[in-house]
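Comments concern the structure below.
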Amino acid sequence: MGFSPQIGQDGFGFALDPEGNVKVPQLGRVIIHDDVEIGANTTIDRGSASDTVIGAGCWIDNLVQIAHNVTLGEGCVIVAQAGVAGSSKLERRVMVGGQAGITGHLTIGAGAQVAGQCGVMQDVPAGATVGGLPAQPIRDWHRQTVLLRQLIREKGRSTDG
């Protein structure tokens, strides 16, 4: 038995009040253009004031969260367990790897690629490839990983004896 996507639920909209959280009505829609694939257990929230829009030809894998007011441009690909927070915009043909997270109110430029398990907290320019946490140009992230591994090896050798 498969689990279908959930489309059009309320987004996570609330305001802080001295007496507790107050729910903000979610009045927008979800607009899904032609030739879109949406995987099992994916959730796409309706907009709060404006609409959530899924562009033509997007492929959204299983277990993806698309928050309120998000716009996906044409041909975006988002892989399993990734999430896009409210009011972010992914331009045409953006690719998001598995378990990546994009915080709210960002723009990910056309053709950009976000590596798996990446944490994006700033806008990403068109055509860029980013990885790591926080997201950074992928070559920098790879260099840092290699240098850290070398540093750990060197530190281990100096304490062995």
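Chain labels run A, B, ... following the order of the structure tokens; each chain numbers its residues from 1, and ligands are numbered from 1 in the order shown.
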Item to check | Residues within 12 Å of Gly11 of chain A, only C-alpha atoms, excluding chain neighbours under 4 positions, as a PyMOL selection string | outcome: chain A and resi 6-7+23-30+43-52+65-70+84-87
Write out as a tab-separated table the residues of segment 69-94 of chain A that have any atom within 9 Å of an atom of segment 108-129 of chain A, one row each with the nearest atom pair and its distance in Å to one decimal, counting only C-alpha atoms, sorted by chain and then rising number.
residue	atom	partner	partner_atom	distance
A:Gly73	CA	A:Ala110	CA	8.3
A:Cys76	CA	A:Gly111	CA	8.6
A:Val79	CA	A:Gly116	CA	8.4
A:Ala82	CA	A:Gln117	CA	8.2
A:Ser88	CA	A:Ile108	CA	7.9
A:Lys89	CA	A:Ile108	CA	6.3
A:Leu90	CA	A:Ile108	CA	4.8
A:Glu91	CA	A:Ala110	CA	4.6
A:Arg92	CA	A:Ala110	CA	4.7
A:Arg93	CA	A:Gly111	CA	4.9
A:Val94	CA	A:Gly111	CA	4.8
Checklist entry - So which residues touch Ile78 of chain A within 10 Å, counting only C-alpha atoms, skipping near sequence neighbours fewer than 4 positions away, as a ChimeraX atom specification? => result /A:38,58-62,64-66,72,82-84,94-100,114
Please, could you write that set of residues out with N, CA and C atoms as a tab-separated table (two decimals), in the first residue's frame?
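And here's out14.tsv as it stands now:
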chain	number	residue	atom	x	y	z
A	38	ILE	N	5.28	13.82	-8.11
A	38	ILE	CA	5.34	14.05	-6.67
A	38	ILE	C	5.32	12.69	-5.98
A	58	CYS	N	8.67	19.56	-12.88
A	58	CYS	CA	9.42	19.31	-11.63
A	58	CYS	C	9.27	17.86	-11.22
A	59	TRP	N	10.33	17.32	-10.63
A	59	TRP	CA	10.30	15.97	-10.05
A	59	TRP	C	10.61	16.12	-8.58
A	60	ILE	N	9.67	15.70	-7.77
A	60	ILE	CA	9.81	15.78	-6.32
A	60	ILE	C	9.74	14.35	-5.79
A	61	ASP	N	10.79	13.92	-5.15
A	61	ASP	CA	10.92	12.55	-4.66
A	61	ASP	C	10.04	12.33	-3.43
A	62	ASN	N	10.12	11.14	-2.85
A	62	ASN	CA	9.40	10.80	-1.62
A	62	ASN	C	9.93	11.61	-0.44
A	64	VAL	N	9.52	14.63	0.84
A	64	VAL	CA	10.00	16.00	0.67
A	64	VAL	C	8.97	16.95	1.28
A	65	GLN	N	9.46	18.02	1.91
A	65	GLN	CA	8.58	19.04	2.48
A	65	GLN	C	8.75	20.34	1.69
A	66	ILE	N	7.66	20.82	1.11
A	66	ILE	CA	7.63	22.11	0.43
A	66	ILE	C	6.70	23.01	1.25
A	72	LEU	N	8.70	26.79	-7.10
A	72	LEU	CA	9.68	25.98	-7.82
A	72	LEU	C	9.55	26.33	-9.29
A	82	ALA	N	14.42	16.01	1.59
A	82	ALA	CA	14.84	17.41	1.53
A	82	ALA	C	13.67	18.29	1.92
A	83	GLY	N	13.99	19.51	2.32
A	83	GLY	CA	12.94	20.44	2.70
A	83	GLY	C	13.26	21.84	2.24
A	84	VAL	N	12.20	22.55	1.84
A	84	VAL	CA	12.33	23.94	1.41
A	84	VAL	C	11.39	24.75	2.30
A	94	VAL	N	16.77	23.90	-10.84
A	94	VAL	CA	17.57	23.74	-9.62
A	94	VAL	C	17.49	22.28	-9.20
A	95	MET	N	18.60	21.73	-8.72
A	95	MET	CA	18.64	20.36	-8.21
A	95	MET	C	19.01	20.39	-6.73
A	96	VAL	N	18.23	19.67	-5.91
A	96	VAL	CA	18.45	19.63	-4.47
A	96	VAL	C	18.65	18.17	-4.08
A	97	GLY	N	19.81	17.86	-3.48
A	97	GLY	CA	20.13	16.49	-3.08
A	97	GLY	C	19.37	16.06	-1.84
A	98	GLY	N	19.40	14.76	-1.59
A	98	GLY	CA	18.69	14.16	-0.47
A	98	GLY	C	19.13	14.73	0.87
A	99	GLN	N	18.17	14.91	1.74
A	99	GLN	CA	18.35	15.40	3.10
A	99	GLN	C	18.91	16.82	3.18
A	100	ALA	N	18.85	17.56	2.09
A	100	ALA	CA	19.27	18.96	2.13
A	100	ALA	C	18.14	19.82	2.68
A	114	VAL	N	22.39	21.83	-5.16
A	114	VAL	CA	22.58	21.79	-3.72
A	114	VAL	C	22.89	20.33	-3.37
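Between Gly101 of chain A and the candidates A:Asp140, A:Pro134, A:Pro18, A:Gly75, the tightest atom-to-atom separation, counting only C-alpha atoms, involves A:Pro134.
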Next on the checklist: Can you pull out every residue from segment 41-156 of chain A that DSSP, working from the backbone, puts in strand (DSSP E), and format the result as JSON, numbers by chain?
Outcome noted: {"A": [43, 44, 45, 52, 53, 54, 59, 60, 65, 66, 71, 72, 77, 78, 83, 84, 89, 90, 95, 96, 101, 102, 107, 108, 113, 114, 119, 120, 129, 130, 131, 136, 137]}
Checklist entry - By how many Å are atom CA of Asp34 of chain A and atom CA of Ala56 of chain A apart? => result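 Atom CA of Asp34 of chain A sits 4.9 Å away from atom CA of Ala56 of chain A.
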Item to check | Coordinates-based distance that separates atom CA of Gly39 of chain A from atom CA of Ser4 of chain A (Å, one decimal) | outcome: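 Interatomic distance here is 7.4 Å.
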